[in-house]
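The structure under discussion appears below in the form of structure tokens.
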Amino acid sequence: MAVSVLRPAIFLDKDGTLLDDVPFNVDPRLMRFADGVPQALARFAALGVPLVVVSNQAGVALGRFDAGCLRAVRRHLAAMFASCGASLTHAYFCPHHPHGRVAAYAIACECRKPSAGLLGRAAREHAIDLRRSWMIGDILDDVEAGKRAGCRTVLVCNGNETEWRDGPLRRPDHRVRNLAEAAVLIEAAHLRDRASVSA
């Protein structure tokens with residue numbers, strides 16, 4: 001039996017990190033890249049690592065939209081990545097919320113960030129080494145999910161975090177202003193990692 005070689009990945013939050021933050025949006029016509037994202041995706045593509053979106057979509061549990069709408073969101077995200085020369089490996093969505101109105105999704109789950117369930121699932125399905133991977137998001141729940149999974153973490157400080165609840169799992173390894181800055185940082189780290197492996 002062939003043994004899969006684990007590889008690092010870049011995990012990306014969707015709303016507020018990749019896209020302008022439009023609450024409960026599942027309309028592809030309203031999906032717009034946030035500042036610096038096209039440049040970042042081009043840099044990430046050159047690294048040749050999986051690019052994975054992990055996103056809470058509580059609108060399903062809250063009755064704002066149907067879970068089936070997320071298929072169109074995933075397809076449009078893939079097209080947006082392709083427009084930058086990048087390939088979206090997969091987009092994972094958590095449709096749950098413990099205080100939801102739709103009974104099937106009104107649960108406390110392991111996939112809603114700050115839990116790390118989405119990252120763990122992606123790692124299993126795409127042979128990802130979480131310890132060598134990165135989680136990038138615009139709020140500390142993203143950072144905590146990345147830390148729980150064992151990833152290196154980057155917080156995009158664009159004003160979207162408002163609570164600033166502190167804790168050992170909520171302290172990012174790096175802070176940047178936008179995704180373009182994150183890409184420069186991760187590109188440099190990736191090159192150092194490769195150099196240390198080949199040394």
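As shown in the structure tokens, the chain order sets the letters A, B, ...; within each chain, residues go from 1, and ligands are also counted from 1 in the order they appear.
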
TODO: Name all residues at most 10 Å from region 14-30 of chain A (count only C-alpha atoms; drop same-chain ones fewer than 5 positions away) and give them as an NGL selection string.
DONE: :A and (35-38 or 40-41 or 52-60 or 62 or 64-67 or 69-77 or 91 or 93 or 136-139 or 155-161 or 178-179)

Could you write those residues out with C-alpha atoms, as a short mmCIF file (atom, residue, chain, number, x, y, z; two decimals), in the first residue's frame?
data_model
loop_
_atom_site.label_atom_id
_atom_site.label_comp_id
_atom_site.auth_asym_id
_atom_site.auth_seq_id
_atom_site.Cartn_x
_atom_site.Cartn_y
_atom_site.Cartn_z
CA ASP A 35 -7.93 44.28 -0.06
CA GLY A 36 -4.77 42.51 -1.24
CA VAL A 37 -6.40 39.15 -1.92
CA PRO A 38 -5.72 38.74 -5.68
CA ALA A 40 -1.97 37.00 -2.18
CA LEU A 41 -3.64 34.19 -4.09
CA VAL A 52 -8.49 25.46 1.73
CA VAL A 53 -11.34 27.73 2.82
CA VAL A 54 -12.86 27.06 6.26
CA SER A 55 -15.91 29.14 7.11
CA ASN A 56 -18.69 29.33 9.68
CA GLN A 57 -22.01 29.69 7.87
CA ALA A 58 -24.47 30.02 10.74
CA GLY A 59 -27.03 31.49 8.35
CA VAL A 60 -28.16 27.92 7.66
CA LEU A 62 -30.47 30.68 11.75
CA ARG A 64 -31.27 32.93 6.70
CA PHE A 65 -30.57 30.61 3.75
CA ASP A 66 -30.67 26.94 2.78
CA ALA A 67 -27.59 24.73 3.05
CA CYS A 69 -26.91 27.66 -1.37
CA LEU A 70 -23.38 26.93 -0.22
CA ARG A 71 -22.73 24.83 -3.32
CA ALA A 72 -23.00 27.96 -5.48
CA VAL A 73 -20.73 29.82 -3.06
CA ARG A 74 -18.12 27.05 -3.36
CA ARG A 75 -18.29 27.09 -7.16
CA HIS A 76 -17.96 30.87 -7.31
CA LEU A 77 -15.04 30.86 -4.88
CA ALA A 91 -14.13 24.98 0.79
CA PHE A 93 -18.51 25.17 5.71
CA ILE A 136 -5.34 32.97 8.29
CA GLY A 137 -8.38 34.85 9.55
CA ASP A 138 -9.71 38.22 10.59
CA ILE A 139 -10.95 37.35 14.08
CA LEU A 155 -4.50 37.49 12.14
CA VAL A 156 -5.54 40.02 9.50
CA CYS A 157 -6.03 43.16 11.59
CA ASN A 158 -8.66 44.92 9.49
CA GLY A 159 -11.04 45.98 12.25
CA ASN A 160 -13.36 42.97 12.13
CA GLU A 161 -12.41 41.63 15.56
CA ASN A 178 -4.21 42.38 4.74
CA LEU A 179 -3.84 39.07 2.96
#

Could you write out, as a ChimeraX atom specification, all the residues of chain A that DSSP marks as strand (DSSP E or B)? /A:7,10-12,15,19,33,51-56,90-94,128,134-137,152-156,174-176

Emit the selected residues as a PDB file, in the first residue's frame, including N, CA and C atoms.
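What follows is the written file again_23.pdb:
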ATOM      1  N   ARG A   7       1.531  17.092   3.360  1.00  0.00           N
ATOM      2  CA  ARG A   7       2.034  18.366   2.850  1.00  0.00           C
ATOM      3  C   ARG A   7       1.391  19.513   3.619  1.00  0.00           C
ATOM      4  N   ILE A  10      -2.528  25.998   3.273  1.00  0.00           N
ATOM      5  CA  ILE A  10      -2.918  27.319   3.759  1.00  0.00           C
ATOM      6  C   ILE A  10      -4.428  27.325   3.911  1.00  0.00           C
ATOM      7  N   PHE A  11      -4.890  27.500   5.155  1.00  0.00           N
ATOM      8  CA  PHE A  11      -6.312  27.584   5.462  1.00  0.00           C
ATOM      9  C   PHE A  11      -6.710  29.049   5.510  1.00  0.00           C
ATOM     10  N   LEU A  12      -7.826  29.362   4.889  1.00  0.00           N
ATOM     11  CA  LEU A  12      -8.275  30.746   4.768  1.00  0.00           C
ATOM     12  C   LEU A  12      -9.720  30.882   5.241  1.00  0.00           C
ATOM     13  N   ASP A  15     -15.268  35.137   4.968  1.00  0.00           N
ATOM     14  CA  ASP A  15     -15.845  36.481   5.105  1.00  0.00           C
ATOM     15  C   ASP A  15     -14.973  37.380   5.966  1.00  0.00           C
ATOM     16  N   LEU A  19     -12.942  37.688   1.402  1.00  0.00           N
ATOM     17  CA  LEU A  19     -13.979  38.518   0.777  1.00  0.00           C
ATOM     18  C   LEU A  19     -14.353  39.685   1.678  1.00  0.00           C
ATOM     19  N   PHE A  33     -13.460  40.290  -3.606  1.00  0.00           N
ATOM     20  CA  PHE A  33     -12.213  40.102  -2.875  1.00  0.00           C
ATOM     21  C   PHE A  33     -11.938  41.282  -1.947  1.00  0.00           C
ATOM     22  N   LEU A  51      -4.859  25.073  -1.013  1.00  0.00           N
ATOM     23  CA  LEU A  51      -5.524  26.263  -0.488  1.00  0.00           C
ATOM     24  C   LEU A  51      -6.934  25.854  -0.097  1.00  0.00           C
ATOM     25  N   VAL A  52      -7.243  25.991   1.181  1.00  0.00           N
ATOM     26  CA  VAL A  52      -8.491  25.460   1.730  1.00  0.00           C
ATOM     27  C   VAL A  52      -9.235  26.561   2.465  1.00  0.00           C
ATOM     28  N   VAL A  53     -10.485  26.764   2.117  1.00  0.00           N
ATOM     29  CA  VAL A  53     -11.341  27.728   2.820  1.00  0.00           C
ATOM     30  C   VAL A  53     -12.088  27.007   3.927  1.00  0.00           C
ATOM     31  N   VAL A  54     -12.091  27.603   5.121  1.00  0.00           N
ATOM     32  CA  VAL A  54     -12.856  27.059   6.257  1.00  0.00           C
ATOM     33  C   VAL A  54     -13.700  28.197   6.821  1.00  0.00           C
ATOM     34  N   SER A  55     -15.013  28.011   6.821  1.00  0.00           N
ATOM     35  CA  SER A  55     -15.906  29.139   7.107  1.00  0.00           C
ATOM     36  C   SER A  55     -17.117  28.717   7.924  1.00  0.00           C
ATOM     37  N   ASN A  56     -17.419  29.487   8.970  1.00  0.00           N
ATOM     38  CA  ASN A  56     -18.687  29.331   9.677  1.00  0.00           C
ATOM     39  C   ASN A  56     -19.791  29.941   8.830  1.00  0.00           C
ATOM     40  N   HIS A  90     -10.477  23.008  -1.712  1.00  0.00           N
ATOM     41  CA  HIS A  90     -11.844  22.737  -1.256  1.00  0.00           C
ATOM     42  C   HIS A  90     -12.273  23.866  -0.322  1.00  0.00           C
ATOM     43  N   ALA A  91     -13.569  24.047  -0.180  1.00  0.00           N
ATOM     44  CA  ALA A  91     -14.132  24.976   0.794  1.00  0.00           C
ATOM     45  C   ALA A  91     -15.030  24.189   1.726  1.00  0.00           C
ATOM     46  N   TYR A  92     -14.739  24.254   3.010  1.00  0.00           N
ATOM     47  CA  TYR A  92     -15.509  23.554   4.029  1.00  0.00           C
ATOM     48  C   TYR A  92     -16.330  24.576   4.814  1.00  0.00           C
ATOM     49  N   PHE A  93     -17.602  24.256   5.011  1.00  0.00           N
ATOM     50  CA  PHE A  93     -18.508  25.168   5.706  1.00  0.00           C
ATOM     51  C   PHE A  93     -19.137  24.479   6.913  1.00  0.00           C
ATOM     52  N   CYS A  94     -19.225  25.219   8.014  1.00  0.00           N
ATOM     53  CA  CYS A  94     -19.992  24.744   9.169  1.00  0.00           C
ATOM     54  C   CYS A  94     -21.350  25.430   9.141  1.00  0.00           C
ATOM     55  N   ILE A 128      -2.930  16.500   4.639  1.00  0.00           N
ATOM     56  CA  ILE A 128      -2.319  17.763   5.058  1.00  0.00           C
ATOM     57  C   ILE A 128      -1.604  17.590   6.393  1.00  0.00           C
ATOM     58  N   TRP A 134      -0.792  26.728   7.765  1.00  0.00           N
ATOM     59  CA  TRP A 134      -1.125  28.070   8.235  1.00  0.00           C
ATOM     60  C   TRP A 134      -2.641  28.258   8.252  1.00  0.00           C
ATOM     61  N   MET A 135      -3.117  28.970   9.264  1.00  0.00           N
ATOM     62  CA  MET A 135      -4.512  29.403   9.320  1.00  0.00           C
ATOM     63  C   MET A 135      -4.523  30.919   9.351  1.00  0.00           C
ATOM     64  N   ILE A 136      -5.260  31.517   8.391  1.00  0.00           N
ATOM     65  CA  ILE A 136      -5.337  32.966   8.288  1.00  0.00           C
ATOM     66  C   ILE A 136      -6.789  33.400   8.464  1.00  0.00           C
ATOM     67  N   GLY A 137      -7.023  34.348   9.357  1.00  0.00           N
ATOM     68  CA  GLY A 137      -8.376  34.845   9.549  1.00  0.00           C
ATOM     69  C   GLY A 137      -8.380  36.257  10.086  1.00  0.00           C
ATOM     70  N   ARG A 152       0.303  27.129  12.348  1.00  0.00           N
ATOM     71  CA  ARG A 152       0.790  28.486  12.554  1.00  0.00           C
ATOM     72  C   ARG A 152      -0.352  29.428  12.172  1.00  0.00           C
ATOM     73  N   THR A 153      -0.430  30.578  12.829  1.00  0.00           N
ATOM     74  CA  THR A 153      -1.613  31.425  12.657  1.00  0.00           C
ATOM     75  C   THR A 153      -1.243  32.858  12.304  1.00  0.00           C
ATOM     76  N   VAL A 154      -2.121  33.466  11.491  1.00  0.00           N
ATOM     77  CA  VAL A 154      -1.960  34.860  11.093  1.00  0.00           C
ATOM     78  C   VAL A 154      -3.304  35.556  11.276  1.00  0.00           C
ATOM     79  N   LEU A 155      -3.293  36.676  11.976  1.00  0.00           N
ATOM     80  CA  LEU A 155      -4.497  37.490  12.145  1.00  0.00           C
ATOM     81  C   LEU A 155      -4.415  38.684  11.202  1.00  0.00           C
ATOM     82  N   VAL A 156      -5.426  38.840  10.351  1.00  0.00           N
ATOM     83  CA  VAL A 156      -5.545  40.018   9.497  1.00  0.00           C
ATOM     84  C   VAL A 156      -6.244  41.097  10.326  1.00  0.00           C
ATOM     85  N   HIS A 174       1.403  35.790  14.045  1.00  0.00           N
ATOM     86  CA  HIS A 174       1.718  36.981  13.254  1.00  0.00           C
ATOM     87  C   HIS A 174       0.454  37.822  13.091  1.00  0.00           C
ATOM     88  N   ARG A 175       0.650  39.133  12.949  1.00  0.00           N
ATOM     89  CA  ARG A 175      -0.430  40.067  12.646  1.00  0.00           C
ATOM     90  C   ARG A 175      -0.065  40.835  11.390  1.00  0.00           C
ATOM     91  N   VAL A 176      -1.033  40.989  10.497  1.00  0.00           N
ATOM     92  CA  VAL A 176      -0.804  41.711   9.239  1.00  0.00           C
ATOM     93  C   VAL A 176      -1.996  42.627   8.978  1.00  0.00           C
TER      94      VAL A 176
END

Using only C-alpha atoms, the best pick from A:Pro50, A:Leu185, A:Ala180, A:Asp13 as closest to Ala122 (chain A) would be A:Pro50

State, in Å with one decimal place, the distance from CA of Glu163 (chain A) to CA of Ala104 (chain A).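 Distance reported for this atom pair: 28.7 Å.
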
Separating CA of Arg43 (chain A) from CA of Ala195 (chain A), to the nearest tenth of an Å, is a gap of 18.2 Å

Among region 31-99 of chain A, which ones does DSSP place in helix (DSSP H, G or I), written as a list in words?
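After running DSSP on the backbone, region 31-99 of chain A has helix (DSSP H, G or I) at Val37, Pro38, Gln39, Ala40, Leu41, Ala42, Arg43, Phe44, Ala45, Ala46, Leu47, Cys69, Leu70, Arg71, Ala72, Val73, Arg74, Arg75, His76, Leu77, Ala78, Ala79, Met80, Phe81 and Ala82 of chain A.
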
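CA of Ser83 (chain A) is positioned 20.2 Å from CA of Glu187 (chain A).
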
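Considering the residues A:Ala108, A:Ala61, A:Ala103, A:Val49 and counting only C-alpha atoms, Leu6 (chain A) has its shortest atom-to-atom contact with A:Val49.
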
message: Using only C-alpha atoms, which protein or nucleic acid residues come within 9 Å of Ala145 (chain A)? Drop anything in the same chain fewer than 2 positions from it, and give the result as an NGL selection string.
response: :A and (112-119 or 135 or 140-143 or 147-151 or 169-170)
